[in-house]
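Quick look at entry18.cif (mmCIF, C-alpha atoms and all ligand atoms; chains and numbers go by the auth columns):
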data_my_file
#
loop_
_atom_site.group_PDB
_atom_site.id
_atom_site.type_symbol
_atom_site.label_atom_id
_atom_site.label_comp_id
_atom_site.label_asym_id
_atom_site.label_seq_id
_atom_site.Cartn_x
_atom_site.Cartn_y
_atom_site.Cartn_z
_atom_site.B_iso_or_equiv
_atom_site.auth_seq_id
_atom_site.auth_asym_id
ATOM 1 C CA MET A 1 0.000 0.000 0.000 0.00 1 A
ATOM 2 C CA SER A 2 1.368 3.467 -0.859 0.00 2 A
ATOM 3 C CA GLU A 3 1.823 6.043 1.871 0.00 3 A
ATOM 4 C CA PHE A 4 -1.044 8.040 0.364 0.00 4 A
ATOM 5 C CA GLU A 5 -3.311 4.973 0.579 0.00 5 A
ATOM 6 C CA GLU A 6 -2.226 4.391 4.169 0.00 6 A
ATOM 7 C CA TRP A 7 -3.272 7.939 5.069 0.00 7 A
ATOM 8 C CA VAL A 8 -6.644 7.484 3.330 0.00 8 A
ATOM 9 C CA LYS A 9 -7.247 4.225 5.205 0.00 9 A
ATOM 10 C CA LEU A 10 -6.211 5.763 8.518 0.00 10 A
ATOM 11 C CA GLU A 11 -8.448 8.791 8.048 0.00 11 A
ATOM 12 C CA GLU A 12 -11.431 6.577 7.175 0.00 12 A
ATOM 13 C CA LEU A 13 -10.822 4.527 10.309 0.00 13 A
ATOM 14 C CA ILE A 14 -10.587 7.594 12.526 0.00 14 A
ATOM 15 C CA ARG A 15 -13.743 9.145 11.045 0.00 15 A
ATOM 16 C CA LYS A 16 -15.752 6.008 11.856 0.00 16 A
ATOM 17 C CA CYS A 17 -14.165 5.460 15.260 0.00 17 A
ATOM 18 C CA ALA A 18 -16.290 4.410 18.230 0.00 18 A
ATOM 19 C CA ARG A 19 -13.513 2.965 20.390 0.00 19 A
ATOM 20 C CA CYS A 20 -14.436 5.129 23.401 0.00 20 A
ATOM 21 C CA GLU A 21 -17.429 7.110 24.616 0.00 21 A
ATOM 22 C CA LEU A 22 -16.293 10.405 23.056 0.00 22 A
ATOM 23 C CA TYR A 23 -17.736 9.522 19.642 0.00 23 A
ATOM 24 C CA LYS A 24 -21.242 9.993 21.055 0.00 24 A
ATOM 25 C CA SER A 25 -20.838 13.715 21.708 0.00 25 A
ATOM 26 C CA ARG A 26 -18.533 14.734 18.867 0.00 26 A
ATOM 27 C CA THR A 27 -19.557 16.851 15.864 0.00 27 A
ATOM 28 C CA ASN A 28 -16.399 15.987 13.931 0.00 28 A
ATOM 29 C CA VAL A 29 -13.273 14.024 14.631 0.00 29 A
ATOM 30 C CA VAL A 30 -10.111 16.089 14.350 0.00 30 A
ATOM 31 C CA ILE A 31 -7.538 13.931 12.632 0.00 31 A
ATOM 32 C CA GLY A 32 -4.770 16.463 12.149 0.00 32 A
ATOM 33 C CA GLY A 33 -3.597 19.032 9.673 0.00 33 A
ATOM 34 C CA GLY A 34 -0.670 20.742 8.067 0.00 34 A
ATOM 35 C CA ASN A 35 2.194 19.213 6.167 0.00 35 A
ATOM 36 C CA ARG A 36 2.317 15.413 6.168 0.00 36 A
ATOM 37 C CA ASN A 37 5.787 15.553 4.644 0.00 37 A
ATOM 38 C CA SER A 38 7.193 17.655 7.464 0.00 38 A
ATOM 39 C CA LYS A 39 9.677 16.140 9.879 0.00 39 A
ATOM 40 C CA ILE A 40 8.206 18.274 12.661 0.00 40 A
ATOM 41 C CA ILE A 41 5.057 17.105 14.436 0.00 41 A
ATOM 42 C CA LEU A 42 3.163 19.115 17.040 0.00 42 A
ATOM 43 C CA ILE A 43 0.964 17.123 19.396 0.00 43 A
ATOM 44 C CA GLY A 44 -1.771 18.756 21.472 0.00 44 A
ATOM 45 C CA GLU A 45 -4.242 17.283 23.926 0.00 45 A
ATOM 46 C CA ALA A 46 -7.677 17.000 22.308 0.00 46 A
ATOM 47 C CA PRO A 47 -10.002 19.131 20.164 0.00 47 A
ATOM 48 C CA GLY A 48 -11.882 21.981 21.818 0.00 48 A
ATOM 49 C CA TYR A 49 -15.192 23.612 20.912 0.00 49 A
ATOM 50 C CA PHE A 50 -14.178 25.193 17.579 0.00 50 A
ATOM 51 C CA GLU A 51 -11.998 22.271 16.521 0.00 51 A
ATOM 52 C CA ASP A 52 -14.964 19.928 17.048 0.00 52 A
ATOM 53 C CA ILE A 53 -17.155 22.156 14.865 0.00 53 A
ATOM 54 C CA LYS A 54 -14.605 22.641 12.087 0.00 54 A
ATOM 55 C CA GLY A 55 -12.880 19.244 12.220 0.00 55 A
ATOM 56 C CA LYS A 56 -9.459 20.936 12.235 0.00 56 A
ATOM 57 C CA PRO A 57 -6.791 21.204 14.940 0.00 57 A
ATOM 58 C CA PHE A 58 -6.065 24.426 16.826 0.00 58 A
ATOM 59 C CA VAL A 59 -8.522 26.755 15.085 0.00 59 A
ATOM 60 C CA GLY A 60 -9.814 28.460 18.260 0.00 60 A
ATOM 61 C CA LYS A 61 -8.144 31.042 20.503 0.00 61 A
ATOM 62 C CA ALA A 62 -5.332 28.683 21.544 0.00 62 A
ATOM 63 C CA GLY A 63 -4.756 28.055 17.842 0.00 63 A
ATOM 64 C CA MET A 64 -4.408 31.782 17.151 0.00 64 A
ATOM 65 C CA PHE A 65 -1.751 31.969 19.834 0.00 65 A
ATOM 66 C CA LEU A 66 -0.100 28.833 18.459 0.00 66 A
ATOM 67 C CA ASN A 67 0.260 30.680 15.127 0.00 67 A
ATOM 68 C CA GLU A 68 2.118 33.424 17.005 0.00 68 A
ATOM 69 C CA CYS A 69 4.345 30.803 18.668 0.00 69 A
ATOM 70 C CA LEU A 70 5.116 29.218 15.311 0.00 70 A
ATOM 71 C CA ARG A 71 6.024 32.623 13.865 0.00 71 A
ATOM 72 C CA CYS A 72 8.410 33.167 16.792 0.00 72 A
ATOM 73 C CA ALA A 73 10.156 29.934 15.824 0.00 73 A
ATOM 74 C CA GLY A 74 10.290 30.998 12.172 0.00 74 A
ATOM 75 C CA LEU A 75 7.656 28.428 11.225 0.00 75 A
ATOM 76 C CA SER A 76 4.170 28.408 9.755 0.00 76 A
ATOM 77 C CA ARG A 77 1.459 25.772 9.658 0.00 77 A
ATOM 78 C CA LYS A 78 2.744 24.669 6.256 0.00 78 A
ATOM 79 C CA ASP A 79 6.043 23.666 7.865 0.00 79 A
ATOM 80 C CA VAL A 80 4.593 21.287 10.450 0.00 80 A
ATOM 81 C CA TYR A 81 2.023 18.533 10.947 0.00 81 A
ATOM 82 C CA ILE A 82 -0.336 19.130 13.883 0.00 82 A
ATOM 83 C CA THR A 83 -2.471 16.594 15.681 0.00 83 A
ATOM 84 C CA ASN A 84 -3.724 15.699 19.162 0.00 84 A
ATOM 85 C CA VAL A 85 -3.371 12.723 21.479 0.00 85 A
ATOM 86 C CA VAL A 86 -7.169 12.319 21.433 0.00 86 A
ATOM 87 C CA LYS A 87 -9.117 12.930 18.233 0.00 87 A
ATOM 88 C CA CYS A 88 -12.593 13.728 19.647 0.00 88 A
ATOM 89 C CA ARG A 89 -13.582 16.598 21.933 0.00 89 A
ATOM 90 C CA PRO A 90 -14.057 15.638 25.580 0.00 90 A
ATOM 91 C CA PRO A 91 -17.260 17.212 26.983 0.00 91 A
ATOM 92 C CA ASN A 92 -16.623 20.727 28.340 0.00 92 A
ATOM 93 C CA ASN A 93 -12.985 20.378 27.281 0.00 93 A
ATOM 94 C CA ARG A 94 -12.170 18.210 30.290 0.00 94 A
ATOM 95 C CA THR A 95 -8.833 16.389 30.317 0.00 95 A
ATOM 96 C CA PRO A 96 -9.086 13.110 28.380 0.00 96 A
ATOM 97 C CA LYS A 97 -9.415 10.022 30.591 0.00 97 A
ATOM 98 C CA PRO A 98 -6.652 7.387 30.543 0.00 98 A
ATOM 99 C CA GLU A 99 -8.975 4.894 28.826 0.00 99 A
ATOM 100 C CA GLU A 100 -9.772 7.469 26.103 0.00 100 A
ATOM 101 C CA ILE A 101 -6.061 8.102 25.550 0.00 101 A
ATOM 102 C CA ARG A 102 -5.426 4.354 25.396 0.00 102 A
ATOM 103 C CA ALA A 103 -8.290 3.763 22.931 0.00 103 A
ATOM 104 C CA CYS A 104 -7.149 6.614 20.665 0.00 104 A
ATOM 105 C CA SER A 105 -3.425 5.872 20.833 0.00 105 A
ATOM 106 C CA ILE A 106 -3.511 3.506 17.830 0.00 106 A
ATOM 107 C CA TYR A 107 -4.172 6.542 15.619 0.00 107 A
ATOM 108 C CA LEU A 108 -1.377 8.718 16.964 0.00 108 A
ATOM 109 C CA GLU A 109 0.970 5.728 16.707 0.00 109 A
ATOM 110 C CA LYS A 110 0.067 5.268 13.030 0.00 110 A
ATOM 111 C CA GLN A 111 0.496 8.998 12.388 0.00 111 A
ATOM 112 C CA LEU A 112 3.963 8.851 13.983 0.00 112 A
ATOM 113 C CA GLU A 113 4.811 5.804 11.877 0.00 113 A
ATOM 114 C CA LEU A 114 3.763 7.585 8.666 0.00 114 A
ATOM 115 C CA ILE A 115 5.321 10.979 9.431 0.00 115 A
ATOM 116 C CA LYS A 116 8.547 9.592 10.925 0.00 116 A
ATOM 117 C CA PRO A 117 9.208 12.901 12.708 0.00 117 A
ATOM 118 C CA LYS A 118 12.693 14.070 13.586 0.00 118 A
ATOM 119 C CA ILE A 119 11.283 16.683 15.952 0.00 119 A
ATOM 120 C CA ILE A 120 8.293 16.106 18.235 0.00 120 A
ATOM 121 C CA ILE A 121 6.863 19.152 19.971 0.00 121 A
ATOM 122 C CA CYS A 122 4.550 18.231 22.834 0.00 122 A
ATOM 123 C CA LEU A 123 1.957 20.890 23.602 0.00 123 A
ATOM 124 C CA GLY A 124 0.972 20.520 27.253 0.00 124 A
ATOM 125 C CA ASN A 125 0.956 17.822 29.869 0.00 125 A
ATOM 126 C CA VAL A 126 -1.138 15.182 28.136 0.00 126 A
ATOM 127 C CA ALA A 127 1.151 15.073 25.093 0.00 127 A
ATOM 128 C CA VAL A 128 4.278 15.317 27.254 0.00 128 A
ATOM 129 C CA ARG A 129 3.227 12.335 29.363 0.00 129 A
ATOM 130 C CA TYR A 130 2.297 10.271 26.326 0.00 130 A
ATOM 131 C CA ILE A 131 5.498 10.944 24.378 0.00 131 A
ATOM 132 C CA PHE A 132 7.853 10.822 27.369 0.00 132 A
ATOM 133 C CA ARG A 133 6.441 7.425 28.360 0.00 133 A
ATOM 134 C CA LYS A 134 6.685 6.138 24.777 0.00 134 A
ATOM 135 C CA TYR A 135 10.355 7.149 24.492 0.00 135 A
ATOM 136 C CA GLY A 136 11.336 6.078 28.006 0.00 136 A
ATOM 137 C CA LEU A 137 12.009 9.597 29.304 0.00 137 A
ATOM 138 C CA LYS A 138 11.514 10.520 32.951 0.00 138 A
ATOM 139 C CA ILE A 139 8.223 12.372 33.302 0.00 139 A
ATOM 140 C CA GLU A 140 8.681 15.635 35.172 0.00 140 A
ATOM 141 C CA PRO A 141 6.400 18.637 35.686 0.00 141 A
ATOM 142 C CA ILE A 142 6.118 20.765 32.566 0.00 142 A
ATOM 143 C CA SER A 143 7.015 23.813 34.683 0.00 143 A
ATOM 144 C CA LYS A 144 10.488 22.251 35.025 0.00 144 A
ATOM 145 C CA ILE A 145 11.097 20.883 31.530 0.00 145 A
ATOM 146 C CA HIS A 146 9.344 23.321 29.154 0.00 146 A
ATOM 147 C CA GLY A 147 11.471 24.484 26.236 0.00 147 A
ATOM 148 C CA LYS A 148 14.210 21.883 26.811 0.00 148 A
ATOM 149 C CA VAL A 149 15.358 19.571 24.040 0.00 149 A
ATOM 150 C CA TYR A 150 15.570 15.798 24.712 0.00 150 A
ATOM 151 C CA GLU A 151 17.153 13.421 22.224 0.00 151 A
ATOM 152 C CA VAL A 152 16.158 9.782 21.941 0.00 152 A
ATOM 153 C CA PHE A 153 17.514 7.667 19.050 0.00 153 A
ATOM 154 C CA GLY A 154 18.091 10.766 16.922 0.00 154 A
ATOM 155 C CA ILE A 155 14.589 12.119 17.530 0.00 155 A
ATOM 156 C CA TYR A 156 14.354 15.466 19.291 0.00 156 A
ATOM 157 C CA ILE A 157 11.505 15.787 21.777 0.00 157 A
ATOM 158 C CA ILE A 158 10.592 19.253 22.986 0.00 158 A
ATOM 159 C CA PRO A 159 8.003 19.761 25.741 0.00 159 A
ATOM 160 C CA MET A 160 6.170 23.084 25.572 0.00 160 A
ATOM 161 C CA PHE A 161 3.445 24.672 27.658 0.00 161 A
ATOM 162 C CA HIS A 162 0.057 24.237 26.032 0.00 162 A
ATOM 163 C CA PRO A 163 -0.724 27.465 24.102 0.00 163 A
ATOM 164 C CA ALA A 164 -4.047 27.729 25.964 0.00 164 A
ATOM 165 C CA ALA A 165 -2.029 28.383 29.156 0.00 165 A
ATOM 166 C CA ALA A 166 -1.357 31.891 27.806 0.00 166 A
ATOM 167 C CA LEU A 167 -5.094 32.537 27.590 0.00 167 A
ATOM 168 C CA TYR A 168 -5.667 31.865 31.289 0.00 168 A
ATOM 169 C CA ASN A 169 -2.518 33.541 32.592 0.00 169 A
ATOM 170 C CA VAL A 170 -1.010 36.488 30.723 0.00 170 A
ATOM 171 C CA ASN A 171 2.338 36.069 32.497 0.00 171 A
ATOM 172 C CA PHE A 172 2.692 32.764 30.714 0.00 172 A
ATOM 173 C CA LYS A 173 2.534 34.399 27.322 0.00 173 A
ATOM 174 C CA GLN A 174 6.057 35.821 27.480 0.00 174 A
ATOM 175 C CA VAL A 175 7.491 32.620 28.973 0.00 175 A
ATOM 176 C CA ILE A 176 5.916 30.570 26.203 0.00 176 A
ATOM 177 C CA LEU A 177 7.112 32.903 23.461 0.00 177 A
ATOM 178 C CA GLU A 178 10.650 32.750 24.886 0.00 178 A
ATOM 179 C CA ASP A 179 10.541 28.935 24.589 0.00 179 A
ATOM 180 C CA TRP A 180 9.511 29.201 20.948 0.00 180 A
ATOM 181 C CA LYS A 181 12.317 31.685 20.303 0.00 181 A
ATOM 182 C CA LYS A 182 14.721 29.103 21.743 0.00 182 A
ATOM 183 C CA LEU A 183 13.190 26.583 19.358 0.00 183 A
ATOM 184 C CA ARG A 184 14.047 28.924 16.492 0.00 184 A
ATOM 185 C CA ASP A 185 17.728 28.826 17.580 0.00 185 A
ATOM 186 C CA PHE A 186 17.600 25.040 17.900 0.00 186 A
ATOM 187 C CA LEU A 187 16.085 24.651 14.416 0.00 187 A
ATOM 188 C CA LYS A 188 18.749 26.864 12.927 0.00 188 A
ATOM 189 C CA LYS A 189 21.520 24.742 14.489 0.00 189 A
ATOM 190 C CA TYR A 190 19.693 21.558 13.468 0.00 190 A
ATOM 191 C CA LYS A 191 19.440 22.706 9.835 0.00 191 A
ATOM 192 C CA ASP A 192 23.103 23.780 9.835 0.00 192 A
ATOM 193 C CA GLY A 193 23.953 20.325 11.178 0.00 193 A
ATOM 194 C CA SER A 194 25.934 21.781 14.090 0.00 194 A
HETATM 195 N N1 LIG B . -6.301 22.290 22.310 0.00 201 B
HETATM 196 C C1 LIG B . -5.692 21.157 21.892 0.00 201 B
HETATM 197 O O1 LIG B . -4.976 20.519 22.647 0.00 201 B
HETATM 198 N N2 LIG B . -5.885 20.783 20.642 0.00 201 B
HETATM 199 C C2 LIG B . -6.617 21.452 19.767 0.00 201 B
HETATM 200 O O2 LIG B . -6.726 21.027 18.618 0.00 201 B
HETATM 201 C C3 LIG B . -7.227 22.637 20.216 0.00 201 B
HETATM 202 C C4 LIG B . -7.060 23.044 21.494 0.00 201 B
#
Here is a file; write its structure as structure tokens.
Amino acid sequence: MSEFEEWVKLEELIRKCARCELYKSRTNVVIGGGNRNSKIILIGEAPGYFEDIKGKPFVGKAGMFLNECLRCAGLSRKDVYITNVVKCRPPNNRTPKPEEIRACSIYLEKQLELIKPKIIICLGNVAVRYIFRKYGLKIEPISKIHGKVYEVFGIYIIPMFHPAAALYNVNFKQVILEDWKKLRDFLKKYKDGS
């Protein structure tokens, strides 16, 4: 099967998914978006209100701020692939339950297999915990590890505060933007091969 066909099959599967209770209250599943050929993947938590309506990741207020973060790092949505750990909106945007994360993980795993990212940016605690566990990294509070670069088997894993954190606490905004500026420096070194 070609990679294109694998994506088509995966997207069909996700659209029909009823592996956990979240399918009952969703409007749309949010599979992901952006550049499937990018080596940079951004992973959020789960769709919110607007994402559920539009079927696209990060299109609400947090998404607007994410665009600003990406700009700070010298990136745009066309340079990255964006998805979430969980593909359906949890009611009232509550944190996804462990069983929902487990049920949905087959899709993120397939996306990772198809994208083969060199750089994984985890947006918030849910993504950090998932990816750190997968790659055998010690899980620490995001307040301690945000903006740092971890390398596992040649893959760079970068935990970031969730962009929505800036919406609840304005002091976070500057801290978050500083992390994305550091990412810009890292990407420059990475591209230069130094
Ligand atoms: N928050 C997320 O974690 N993901 C989205 O797609 C939107 C908001």
Enclose the full set of atoms of segment 38-53 of chain A listed in the file within a box whose edges lie along x, y and z, apply 5 Å of padding to each of the six sides, and report centre and edge lengths in Å to one decimal as AutoDock Vina command-line options.
--center_x -3.7 --center_y 20.7 --center_z 15.7 --size_x 36.8 --size_y 19.1 --size_z 26.5
For chain A versus ligand LIG 201 (chain B), which residues have an atom no more than 8 Å away, and what is each residue's nearest atom pair and distance in Å rounded to one decimal, using all atoms listed in the file, chain-then-number order, as JSON lines?
{"residue": "A:Val30", "atom": "CA", "partner": "B:LIG201", "partner_atom": "O2", "distance": 7.4}
{"residue": "A:Ile43", "atom": "CA", "partner": "B:LIG201", "partner_atom": "O1", "distance": 7.6}
{"residue": "A:Gly44", "atom": "CA", "partner": "B:LIG201", "partner_atom": "O1", "distance": 3.8}
{"residue": "A:Glu45", "atom": "CA", "partner": "B:LIG201", "partner_atom": "O1", "distance": 3.6}
{"residue": "A:Ala46", "atom": "CA", "partner": "B:LIG201", "partner_atom": "O1", "distance": 4.4}
{"residue": "A:Pro47", "atom": "CA", "partner": "B:LIG201", "partner_atom": "O2", "distance": 4.1}
{"residue": "A:Gly48", "atom": "CA", "partner": "B:LIG201", "partner_atom": "C4", "distance": 4.9}
{"residue": "A:Phe50", "atom": "CA", "partner": "B:LIG201", "partner_atom": "C3", "distance": 7.9}
{"residue": "A:Glu51", "atom": "CA", "partner": "B:LIG201", "partner_atom": "O2", "distance": 5.8}
{"residue": "A:Lys56", "atom": "CA", "partner": "B:LIG201", "partner_atom": "O2", "distance": 6.9}
{"residue": "A:Pro57", "atom": "CA", "partner": "B:LIG201", "partner_atom": "O2", "distance": 3.7}
{"residue": "A:Phe58", "atom": "CA", "partner": "B:LIG201", "partner_atom": "O2", "distance": 3.9}
{"residue": "A:Val59", "atom": "CA", "partner": "B:LIG201", "partner_atom": "C3", "distance": 6.7}
{"residue": "A:Gly60", "atom": "CA", "partner": "B:LIG201", "partner_atom": "C3", "distance": 6.7}
{"residue": "A:Ala62", "atom": "CA", "partner": "B:LIG201", "partner_atom": "C4", "distance": 5.9}
{"residue": "A:Gly63", "atom": "CA", "partner": "B:LIG201", "partner_atom": "C3", "distance": 6.4}
{"residue": "A:Thr83", "atom": "CA", "partner": "B:LIG201", "partner_atom": "O2", "distance": 6.8}
{"residue": "A:Asn84", "atom": "CA", "partner": "B:LIG201", "partner_atom": "N2", "distance": 5.7}
{"residue": "A:Leu123", "atom": "CA", "partner": "B:LIG201", "partner_atom": "O1", "distance": 7.0}
{"residue": "A:Gly124", "atom": "CA", "partner": "B:LIG201", "partner_atom": "O1", "distance": 7.5}
{"residue": "A:His162", "atom": "CA", "partner": "B:LIG201", "partner_atom": "O1", "distance": 7.1}
{"residue": "A:Pro163", "atom": "CA", "partner": "B:LIG201", "partner_atom": "N1", "distance": 7.8}
{"residue": "A:Ala164", "atom": "CA", "partner": "B:LIG201", "partner_atom": "N1", "distance": 6.9}
Item to check | Separation of atom CA of Val128 of chain A from atom CA of Met160 of chain A, in Å and rounded to one decimal | outcome: 8.2 Å
Item to check | Close residues, Tyr156 of chain A itself excluded, 7 Å, all atoms listed in the file, min 6 positions apart in chain, as a ChimeraX atom specification | outcome: /A:118-120,149-150
Next on the checklist: Under the PyMOL selection byres (((chain A and resi 187) around 12) and not hetatm), which residues of this model are included? Write them out as a PyMOL selection string.
Outcome noted: chain A and resi 39-40+70+72-75+118-119+149+156+158+180-186+188-194
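Atom CA of Leu114 of chain A to atom CA of Pro141 of chain A spans 29.3 Å [interatomic distance, one decimal].
Comparing A:Ile31, A:Ile139, A:Cys69, A:Ala127 by their smallest distance to Ile82 of chain A, the closest is A:Ile31 (using all atoms listed in the file).
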I'd like the contact shell of Ile142 of chain A - 7 Å cut-off, only C-alpha atoms, skipping same-chain residues fewer than 4 positions apart - returned as a PDB file with C-alpha atoms, in the frame of the given file.
ATOM      1  CA  ASN A 125       0.956  17.822  29.869  1.00  0.00           C
ATOM      2  CA  HIS A 146       9.344  23.321  29.154  1.00  0.00           C
ATOM      3  CA  PHE A 161       3.445  24.672  27.658  1.00  0.00           C
TER       4      PHE A 161
END
Next on the checklist: What does the structure give for the distance between atom CA of Pro159 of chain A and atom CA of Val80 of chain A, in Å to one decimal?
Outcome noted: 15.7 Å
